[in-house]
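Notes follow once the structure below has been shown.
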2 protein chains.
Amino acid sequence: MRLPTLKWTGDALELLDQTLLPNEVVIRRCVAVADVYDAIKRLVVRGAPALGVAAGYGILLSLRAESEMRPAEMRQVVEDAAAHLASCRPTAVNVAWAVGRMVAAARAAPDAELEARLTAEARAIEAEDREANRRLGAHGAALLRDGDAVLTHCNAGALATADYGTALGVIYAAGEQGKRITVYADETRPLLQGARLTAWELLQSGVPVTVLCDDMAASVMAAGKVACVLVGADRIAANGDAANKVGTMAVAVLARYFRVPFYVAAPTSTLDTNVASGRDIPIEERDAEEVAAWGGVRTVPVGAAVYNPAFDVTPANLIDAFITEEGIARPPFETSLAALRRGRGGG
Amino acid sequence: MRLPTLKWTGDALELLDQTLLPNEVVIRRCVAVADVYDAIKRLVVRGAPALGVAAGYGILLSLRAESEMRPAEMRQVVEDAAAHLASCRPTAVNVAWAVGRMVAAARAAPDAELEARLTAEARAIEAEDREANRRLGAHGAALLRDGDAVLTHCNAGALATADYGTALGVIYAAGEQGKRITVYADETRPLLQGARLTAWELLQSGVPVTVLCDDMAASVMAAGKVACVLVGADRIAANGDAANKVGTMAVAVLARYFRVPFYVAAPTSTLDTNVASGRDIPIEERDAEEVAAWGGVRTVPVGAAVYNPAFDVTPANLIDAFITEEGIARPPFETSLAALRRGRGGG
């Protein structure tokens, strides 16, 4: 049985600390919005869909900070917390999307029902993510054949969502259909989410997994061992350019070169129709120390500069299809993605 | 002043221990061929040209094991040591090439001069490598313009050769011509030769260097920051397919996609005309623990398989030119490489 990635207890958000996996299993208890902000910043919780769910509960916790608030004050606290949380990790759009829903709920709620409506909205964001991933998995599983080996980068699994996962959800769904799927997991430097998280959760689900360094992905593709690539996304522009963990773009270029289908699995909440193309997606740069040291051992000599973008943008023309809870989108993505978004009532 | 990668003292081979850089500077003293074998196996010394030089001296040390030997016995010891050393790391052809020279020298030498001839041959291999790298650097520097940023993978520098380096030698030579060159160094998982060794030696030579994770190379290329890619090679087939540190092929695919010239810098001793194409180059697989743990911290959960090839083969059609001590080879490589090899009398 998998431990939940996150759990709302009614007065706290409990998070499985993903910075310590696979060596330690520790639950972090967040009782204030500042705890949630810190957990998002430090990657205790990560993955665009999971960040959206956590941010929704973070907004709820912002209301616990003060003992007595009038409704107007509460709405202001919600708006401030929303802006604060949305600034924490700028690339993943799901945070902005989730806190936007919370702000809209706060504005729409009658004063007497404000807290109840916000609680319901945060729970709905979580429930919708759980349901979306199951539907996404079912759509995507149709793309996998029995015996396929899938290459993935970073972690787009149960740990990146409320449950089940996006890219890994497709693999779980295929497994539930009786297809035997194996996975090549890029370790995903610098923070090794592929080695530490993807391998860990696949093993817990009984899916055979082989971990490789990011610079070995070309070798397995060249050897003809990879049936397709499945990755998640942190933000998808209207034209289909997709931001995801740094290194995804390289995998997409390799997949095209070696004629391996490249699929992006993400809920429609990851679509951002406000950005026309990937050029407009902000890319978070993180601390140099993430690259320069590991396990307390320095690996980059003092004096060398370090480049540490957390994401890159895969151009739409390298993506064969998007897998969403509303179905599969094929090129041209401007129209196919917009149609799926209309499908879920996203306008 | 750089510390020498290796130094023959007359009765020992001193090696700068590259497993400990950049955190510790330790010299390992090899007094027997077994010490050299162990040093090569553990990557105390690495880089195809440096391995060739070390193997030559390793043959000399094989003769020190026994106090009294007749010439026939000495020749047998040399042949046995040659076979042993050549088996240690099968991909780099320079070891087989160097020990082949030592065996040929042993066979050709009059009994009375056997040890002197072998000593001269080992010293010649080293001296030729030093000189070849200087000439290679001068040829390659013509490809770089003032202000260029060069991306490299692994370490093809002074630490990979007797001195000066191949890919990095080109950068040093350009610098000596007054060109200001900066370097993006892929960290090069699993053993981080780019972060630990390339950055270290470039800083010692005053070349500005930025270290990035291997999965970030696409980002710097997509941003238009890379003028060209320069890498070394461990073995070059007759058709121009080039084996080098794993990850090199991915960089070549990216370079082609982003229209960045991709150059391989290697002495003609790295050409193996016995191998028609890359398909015939043996690829060493190394221990899973190199990938699964770092600094004593486990990063891959127990139960996950690990894939750890040490090299990959970049297809000739992704290589814009080879830079050798005899000049630049452009496609078609079958003829251009063969002409360069004839240039150095390699037949």
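In the structure tokens, chains take the letters A, B, ... in the order shown, each chain's residues start at 1, and ligands count up from 1 in the order shown.
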Each residue of chain A with at least one atom at most 8 Å from chain B should appear once, together with its nearest atom pair and the corresponding distance in Å (one decimal); atoms considered: only C-alpha atoms; ordering: chain, then increasing residue number; output as a Markdown table.
| residue | atom | partner | partner_atom | distance |
| --- | --- | --- | --- | --- |
| A:Pro22 | CA | B:Pro301 | CA | 5.9 |
| A:Asn23 | CA | B:Arg298 | CA | 7.3 |
| A:Thr188 | CA | B:Asp215 | CA | 7.4 |
| A:Arg189 | CA | B:Cys213 | CA | 6.3 |
| A:Pro190 | CA | B:Cys213 | CA | 6.6 |
| A:Leu192 | CA | B:Thr299 | CA | 7.3 |
| A:Ala195 | CA | B:Val300 | CA | 5.0 |
| A:Arg196 | CA | B:Val300 | CA | 5.6 |
| A:Ala199 | CA | B:Ala304 | CA | 6.4 |
| A:Trp200 | CA | B:Pro301 | CA | 5.9 |
| A:Leu203 | CA | B:Ala304 | CA | 7.1 |
| A:Pro208 | CA | B:Ala304 | CA | 7.3 |
| A:Val209 | CA | B:Ala304 | CA | 5.6 |
| A:Thr210 | CA | B:Ala305 | CA | 4.4 |
| A:Val211 | CA | B:Val306 | CA | 4.8 |
| A:Leu212 | CA | B:Tyr307 | CA | 5.2 |
| A:Cys213 | CA | B:Arg189 | CA | 6.2 |
| A:Asp214 | CA | B:Asp215 | CA | 6.0 |
| A:Asp215 | CA | B:Gly247 | CA | 4.1 |
| A:Met216 | CA | B:Gly247 | CA | 5.7 |
| A:Ala217 | CA | B:Ala250 | CA | 7.8 |
| A:Ala218 | CA | B:Ala250 | CA | 5.5 |
| A:Ser219 | CA | B:Asp312 | CA | 6.4 |
| A:Val246 | CA | B:Met216 | CA | 6.2 |
| A:Gly247 | CA | B:Asp215 | CA | 4.1 |
| A:Thr248 | CA | B:Asp215 | CA | 7.7 |
| A:Met249 | CA | B:Ala218 | CA | 6.7 |
| A:Ala250 | CA | B:Ala218 | CA | 5.5 |
| A:Val253 | CA | B:Leu254 | CA | 6.6 |
| A:Leu254 | CA | B:Val253 | CA | 6.6 |
| A:Tyr257 | CA | B:Val253 | CA | 7.2 |
| A:Val291 | CA | B:Cys213 | CA | 7.0 |
| A:Trp294 | CA | B:Gly295 | CA | 7.1 |
| A:Gly295 | CA | B:Gly295 | CA | 5.9 |
| A:Gly296 | CA | B:Gly295 | CA | 7.5 |
| A:Val297 | CA | B:Gly295 | CA | 6.1 |
| A:Arg298 | CA | B:Asn23 | CA | 7.3 |
| A:Thr299 | CA | B:Arg196 | CA | 5.6 |
| A:Val300 | CA | B:Ala195 | CA | 5.0 |
| A:Pro301 | CA | B:Trp200 | CA | 5.9 |
| A:Gly303 | CA | B:Leu203 | CA | 7.2 |
| A:Ala304 | CA | B:Val209 | CA | 5.6 |
| A:Ala305 | CA | B:Thr210 | CA | 4.3 |
| A:Val306 | CA | B:Val211 | CA | 4.8 |
| A:Tyr307 | CA | B:Leu212 | CA | 5.2 |
| A:Asn308 | CA | B:Leu212 | CA | 6.7 |
| A:Pro309 | CA | B:Met216 | CA | 7.5 |
| A:Asp312 | CA | B:Ser219 | CA | 6.4 |
Name the closest residue to Glu176 (chain B) among the candidates B:Val33, B:Cys154, B:Ala243, B:Ala141; distances are taken between atoms, counting only C-alpha atoms.
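Of B:Val33, B:Cys154, B:Ala243, B:Ala141, the one nearest Glu176 (chain B), counting only C-alpha atoms, is B:Ala141.
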Separating CA of Asn239 (chain B) from CA of Tyr172 (chain B), to the nearest tenth of an Å, is a gap of 28.7 Å
I want to know what sits within 9 Å of Ala174 (chain B), based on only C-alpha atoms, with residues of the same chain fewer than 3 positions away left out; could you give that as a PyMOL selection string?
chain B and resi 137-138+140-146+169-171+177-181
Those same residues, written as an mmCIF file, in the first residue's frame with N, CA and C atoms?
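Below is the file again_12.cif, written as the result:
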data_model
loop_
_atom_site.group_PDB
_atom_site.id
_atom_site.type_symbol
_atom_site.label_atom_id
_atom_site.label_comp_id
_atom_site.auth_asym_id
_atom_site.auth_seq_id
_atom_site.Cartn_x
_atom_site.Cartn_y
_atom_site.Cartn_z
ATOM 1 N N GLY B 137 46.044 20.931 -30.767
ATOM 2 C CA GLY B 137 45.492 22.192 -30.261
ATOM 3 C C GLY B 137 45.620 23.312 -31.270
ATOM 4 N N ALA B 138 46.762 23.368 -31.900
ATOM 5 C CA ALA B 138 46.997 24.444 -32.883
ATOM 6 C C ALA B 138 46.058 24.301 -34.082
ATOM 7 N N GLY B 140 43.112 22.804 -34.057
ATOM 8 C CA GLY B 140 41.731 23.025 -33.632
ATOM 9 C C GLY B 140 41.425 24.474 -33.298
ATOM 10 N N ALA B 141 42.431 25.185 -32.798
ATOM 11 C CA ALA B 141 42.184 26.571 -32.383
ATOM 12 C C ALA B 141 41.678 27.424 -33.532
ATOM 13 N N ALA B 142 42.020 27.022 -34.748
ATOM 14 C CA ALA B 142 41.564 27.780 -35.917
ATOM 15 C C ALA B 142 40.038 27.733 -36.066
ATOM 16 N N LEU B 143 39.417 26.742 -35.421
ATOM 17 C CA LEU B 143 37.951 26.614 -35.512
ATOM 18 C C LEU B 143 37.222 27.497 -34.508
ATOM 19 N N LEU B 144 37.957 28.069 -33.550
ATOM 20 C CA LEU B 144 37.329 28.889 -32.507
ATOM 21 C C LEU B 144 37.559 30.369 -32.773
ATOM 22 N N ARG B 145 36.522 31.158 -32.477
ATOM 23 C CA ARG B 145 36.620 32.610 -32.629
ATOM 24 C C ARG B 145 36.658 33.264 -31.254
ATOM 25 N N ASP B 146 37.248 34.418 -31.195
ATOM 26 C CA ASP B 146 37.285 35.189 -29.959
ATOM 27 C C ASP B 146 35.864 35.339 -29.414
ATOM 28 N N GLY B 169 42.776 21.012 -24.965
ATOM 29 C CA GLY B 169 43.993 21.541 -25.579
ATOM 30 C C GLY B 169 43.665 22.541 -26.682
ATOM 31 N N VAL B 170 42.600 22.270 -27.415
ATOM 32 C CA VAL B 170 42.154 23.218 -28.441
ATOM 33 C C VAL B 170 41.792 24.558 -27.797
ATOM 34 N N ILE B 171 41.132 24.477 -26.649
ATOM 35 C CA ILE B 171 40.728 25.704 -25.938
ATOM 36 C C ILE B 171 41.953 26.425 -25.385
ATOM 37 N N GLN B 177 46.421 32.068 -28.357
ATOM 38 C CA GLN B 177 46.350 32.962 -29.522
ATOM 39 C C GLN B 177 45.635 34.274 -29.186
ATOM 40 N N GLY B 178 45.230 34.419 -27.912
ATOM 41 C CA GLY B 178 44.572 35.656 -27.507
ATOM 42 C C GLY B 178 43.061 35.635 -27.613
ATOM 43 N N LYS B 179 42.503 34.472 -27.988
ATOM 44 C CA LYS B 179 41.039 34.377 -28.063
ATOM 45 C C LYS B 179 40.478 34.112 -26.666
ATOM 46 N N ARG B 180 39.423 34.840 -26.329
ATOM 47 C CA ARG B 180 38.776 34.631 -25.029
ATOM 48 C C ARG B 180 37.683 33.584 -25.189
ATOM 49 N N ILE B 181 37.934 32.406 -24.657
ATOM 50 C CA ILE B 181 37.007 31.284 -24.775
ATOM 51 C C ILE B 181 36.437 30.980 -23.392
#
So that I can check the surroundings of region 73-86 of chain A, please list as a PyMOL selection string every protein, DNA and RNA residue that reaches within 8 Å of it, counting only C-alpha atoms and ignoring chain neighbours fewer than 4 positions away.
chain A and resi 33+37+55+58-60+62-63+69+90+95-96+99-100+102-103+106-107
Using only C-alpha atoms, which residues sit within 8 Å of Thr324 (chain A) once same-chain residues fewer than 6 positions away are excluded, as a list in words?
Ala132, Arg135, Leu136, His139, Gly140, Ala265, Ala266, Pro267 and Thr268 of chain A
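Neighbours of region 333-340 of chain A closer than or equal to 10 Å, with only C-alpha atoms counted and sequence neighbours fewer than 5 positions away skipped, come out as Ile236, Ala237, Ala238, Asn239, Gly240, Asp241, Thr268, Leu271, Thr273, Ala276, Ala316, Asn317, Ile319, Asp320, Ala321, Phe322, Thr324, Glu325, Glu326, Gly327, Ile328, Gly345, Gly346 and Gly347 of chain A.
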Once DSSP has gone over the backbone, tell me which residues of region 108-328 of chain A are in alpha helix (DSSP H), as an MDAnalysis selection string.
chainID A and resid 108 114:141 167:176 193 199:204 217:222 248:257 289:292
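Between CA of Ala34 (chain B) and CA of Asn244 (chain B) there is a distance of 25.6 Å.
Here CA of Leu230 (chain A) stands at a distance of 11.8 Å from CA of Asp148 (chain A).
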Go through region 61-296 of chain B and collect every residue that DSSP, computed from the backbone, puts in strand (DSSP E or B); the answer should be as a PyMOL selection string.
chain B and resi 149-152+157+165+182-186+209-212+228-231+235-237+242-245+262-265+271-272+285+293-294
Store the residues picked out above in a file with N, CA, C and O atoms, as a CSV table (one decimal), in the first residue's frame.
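Once written, result-v1.csv looks like this:
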chain,number,residue,atom,x,y,z
B,149,ALA,N,31.8,30.5,-26.7
B,149,ALA,CA,31.5,29.5,-25.6
B,149,ALA,C,31.5,28.1,-26.2
B,149,ALA,O,30.7,27.9,-27.1
B,150,VAL,N,32.2,27.2,-25.6
B,150,VAL,CA,32.3,25.9,-26.0
B,150,VAL,C,31.7,25.0,-25.0
B,150,VAL,O,32.0,25.1,-23.8
B,151,LEU,N,30.9,24.0,-25.5
B,151,LEU,CA,30.3,23.0,-24.5
B,151,LEU,C,31.2,21.7,-24.7
B,151,LEU,O,31.5,21.3,-25.8
B,152,THR,N,31.5,21.1,-23.5
B,152,THR,CA,32.2,19.9,-23.6
B,152,THR,C,31.6,18.9,-22.6
B,152,THR,O,30.9,19.3,-21.7
B,157,GLY,N,41.0,16.7,-21.3
B,157,GLY,CA,42.0,17.8,-21.0
B,157,GLY,C,43.4,17.2,-20.7
B,157,GLY,O,43.7,16.1,-21.0
B,165,GLY,N,46.0,18.1,-23.2
B,165,GLY,CA,44.7,17.7,-23.5
B,165,GLY,C,44.4,17.7,-25.0
B,165,GLY,O,45.1,18.3,-25.8
B,182,THR,N,35.1,30.7,-23.3
B,182,THR,CA,34.5,30.3,-22.1
B,182,THR,C,34.0,28.9,-22.4
B,182,THR,O,33.7,28.5,-23.5
B,183,VAL,N,33.8,28.1,-21.3
B,183,VAL,CA,33.4,26.7,-21.4
B,183,VAL,C,32.2,26.4,-20.6
B,183,VAL,O,32.1,26.8,-19.4
B,184,TYR,N,31.2,25.7,-21.2
B,184,TYR,CA,30.2,25.0,-20.5
B,184,TYR,C,30.6,23.5,-20.3
B,184,TYR,O,30.8,22.9,-21.3
B,185,ALA,N,30.7,23.1,-19.1
B,185,ALA,CA,31.2,21.7,-18.8
B,185,ALA,C,30.0,20.9,-18.3
B,185,ALA,O,29.5,21.1,-17.2
B,186,ASP,N,29.6,19.9,-19.1
B,186,ASP,CA,28.6,18.9,-18.6
B,186,ASP,C,29.2,18.2,-17.4
B,186,ASP,O,30.4,17.8,-17.4
B,209,VAL,N,34.6,28.8,-16.5
B,209,VAL,CA,33.9,27.6,-16.8
B,209,VAL,C,32.6,27.6,-16.0
B,209,VAL,O,32.5,28.1,-14.8
B,210,THR,N,31.5,27.2,-16.6
B,210,THR,CA,30.2,27.0,-16.0
B,210,THR,C,29.9,25.5,-16.0
B,210,THR,O,29.9,24.9,-17.1
B,211,VAL,N,29.6,24.9,-14.9
B,211,VAL,CA,29.2,23.5,-14.8
B,211,VAL,C,27.7,23.4,-14.9
B,211,VAL,O,27.0,24.2,-14.3
B,212,LEU,N,27.2,22.5,-15.6
B,212,LEU,CA,25.8,22.2,-15.7
B,212,LEU,C,25.6,20.7,-15.6
B,212,LEU,O,26.5,19.9,-16.0
B,228,CYS,N,30.1,26.0,-30.3
B,228,CYS,CA,30.4,24.6,-30.8
B,228,CYS,C,30.6,23.7,-29.6
B,228,CYS,O,30.8,24.1,-28.5
B,229,VAL,N,30.5,22.4,-30.0
B,229,VAL,CA,30.8,21.3,-29.0
B,229,VAL,C,32.2,20.7,-29.3
B,229,VAL,O,32.5,20.5,-30.5
B,230,LEU,N,33.0,20.5,-28.3
B,230,LEU,CA,34.3,19.9,-28.4
B,230,LEU,C,34.4,18.8,-27.4
B,230,LEU,O,34.2,19.0,-26.2
B,231,VAL,N,34.6,17.5,-27.9
B,231,VAL,CA,34.8,16.4,-27.0
B,231,VAL,C,36.0,15.6,-27.5
B,231,VAL,O,36.5,15.8,-28.6
B,235,ARG,N,37.8,5.7,-29.0
B,235,ARG,CA,38.1,4.9,-30.1
B,235,ARG,C,37.3,5.4,-31.3
B,235,ARG,O,36.1,5.6,-31.2
B,236,ILE,N,38.0,5.6,-32.4
B,236,ILE,CA,37.3,6.1,-33.6
B,236,ILE,C,37.4,5.0,-34.7
B,236,ILE,O,38.5,4.5,-35.0
B,237,ALA,N,36.2,4.5,-35.2
B,237,ALA,CA,36.2,3.5,-36.2
B,237,ALA,C,36.6,4.1,-37.6
B,237,ALA,O,36.6,5.3,-37.7
B,242,ALA,N,32.5,7.4,-33.5
B,242,ALA,CA,33.4,7.6,-32.4
B,242,ALA,C,32.9,7.3,-31.0
B,242,ALA,O,31.8,7.8,-30.6
B,243,ALA,N,33.5,6.3,-30.3
B,243,ALA,CA,33.2,6.0,-29.0
B,243,ALA,C,33.8,7.0,-28.0
B,243,ALA,O,35.0,7.4,-28.2
B,244,ASN,N,33.0,7.5,-27.1
B,244,ASN,CA,33.5,8.4,-26.1
B,244,ASN,C,32.6,8.2,-24.9
B,244,ASN,O,31.7,7.5,-24.9
B,245,LYS,N,32.9,9.0,-23.8
B,245,LYS,CA,32.2,8.9,-22.5
B,245,LYS,C,30.7,8.9,-22.8
B,245,LYS,O,30.2,9.6,-23.6
B,262,PHE,N,29.7,20.2,-34.1
B,262,PHE,CA,30.2,19.2,-33.2
B,262,PHE,C,31.5,18.6,-33.6
B,262,PHE,O,31.6,18.0,-34.7
B,263,TYR,N,32.6,18.8,-32.8
B,263,TYR,CA,33.9,18.4,-33.2
B,263,TYR,C,34.5,17.4,-32.2
B,263,TYR,O,34.3,17.5,-31.0
B,264,VAL,N,35.2,16.4,-32.7
B,264,VAL,CA,35.8,15.4,-31.9
B,264,VAL,C,37.4,15.6,-32.0
B,264,VAL,O,37.9,15.7,-33.1
B,265,ALA,N,38.0,15.9,-30.9
B,265,ALA,CA,39.5,16.1,-30.8
B,265,ALA,C,40.2,14.9,-30.3
B,265,ALA,O,39.9,14.5,-29.1
B,271,LEU,N,42.5,6.4,-33.6
B,271,LEU,CA,41.9,5.7,-34.7
B,271,LEU,C,42.1,4.2,-34.7
B,271,LEU,O,43.2,3.8,-34.4
B,272,ASP,N,41.1,3.5,-34.9
B,272,ASP,CA,41.2,2.0,-35.0
B,272,ASP,C,40.7,1.5,-36.3
B,272,ASP,O,39.5,1.3,-36.5
B,285,GLU,N,30.7,-2.0,-19.6
B,285,GLU,CA,29.6,-1.6,-18.6
B,285,GLU,C,30.3,-1.7,-17.2
B,285,GLU,O,31.1,-2.6,-16.9
B,293,ALA,N,24.8,5.2,-5.9
B,293,ALA,CA,25.1,5.9,-4.6
B,293,ALA,C,26.1,7.0,-4.9
B,293,ALA,O,26.9,6.9,-5.9
B,294,TRP,N,26.2,8.0,-4.1
B,294,TRP,CA,27.2,9.1,-4.2
B,294,TRP,C,27.5,9.6,-2.9
B,294,TRP,O,26.7,9.9,-2.1
Skip Arg101 (chain A) itself and residues of its chain fewer than 6 positions away, then list as a ChimeraX atom specification all residues within 9 Å of it, counting only C-alpha atoms.
/A:56,121-122,125
Expected file contents, prior selection, N, CA, C and O atoms, as a PDB file, in the first residue's frame:
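Done, and the output landed in again08.pdb:
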ATOM      1  N   GLY A  56      -3.984  24.763  -2.563  1.00  0.00           N
ATOM      2  CA  GLY A  56      -5.383  24.938  -2.157  1.00  0.00           C
ATOM      3  C   GLY A  56      -5.527  24.804  -0.638  1.00  0.00           C
ATOM      4  O   GLY A  56      -6.138  25.654   0.027  1.00  0.00           O
ATOM      5  N   GLU A 121     -13.841  23.823  -1.742  1.00  0.00           N
ATOM      6  CA  GLU A 121     -13.095  24.051  -2.984  1.00  0.00           C
ATOM      7  C   GLU A 121     -11.729  23.346  -2.933  1.00  0.00           C
ATOM      8  O   GLU A 121     -11.306  22.714  -3.910  1.00  0.00           O
ATOM      9  N   ALA A 122     -11.048  23.450  -1.803  1.00  0.00           N
ATOM     10  CA  ALA A 122      -9.742  22.784  -1.676  1.00  0.00           C
ATOM     11  C   ALA A 122      -9.906  21.269  -1.803  1.00  0.00           C
ATOM     12  O   ALA A 122      -9.111  20.594  -2.486  1.00  0.00           O
ATOM     13  N   ILE A 125     -10.506  20.411  -5.445  1.00  0.00           N
ATOM     14  CA  ILE A 125      -9.277  20.416  -6.259  1.00  0.00           C
ATOM     15  C   ILE A 125      -8.565  19.070  -6.106  1.00  0.00           C
ATOM     16  O   ILE A 125      -8.117  18.468  -7.079  1.00  0.00           O
TER      17      ILE A 125
END
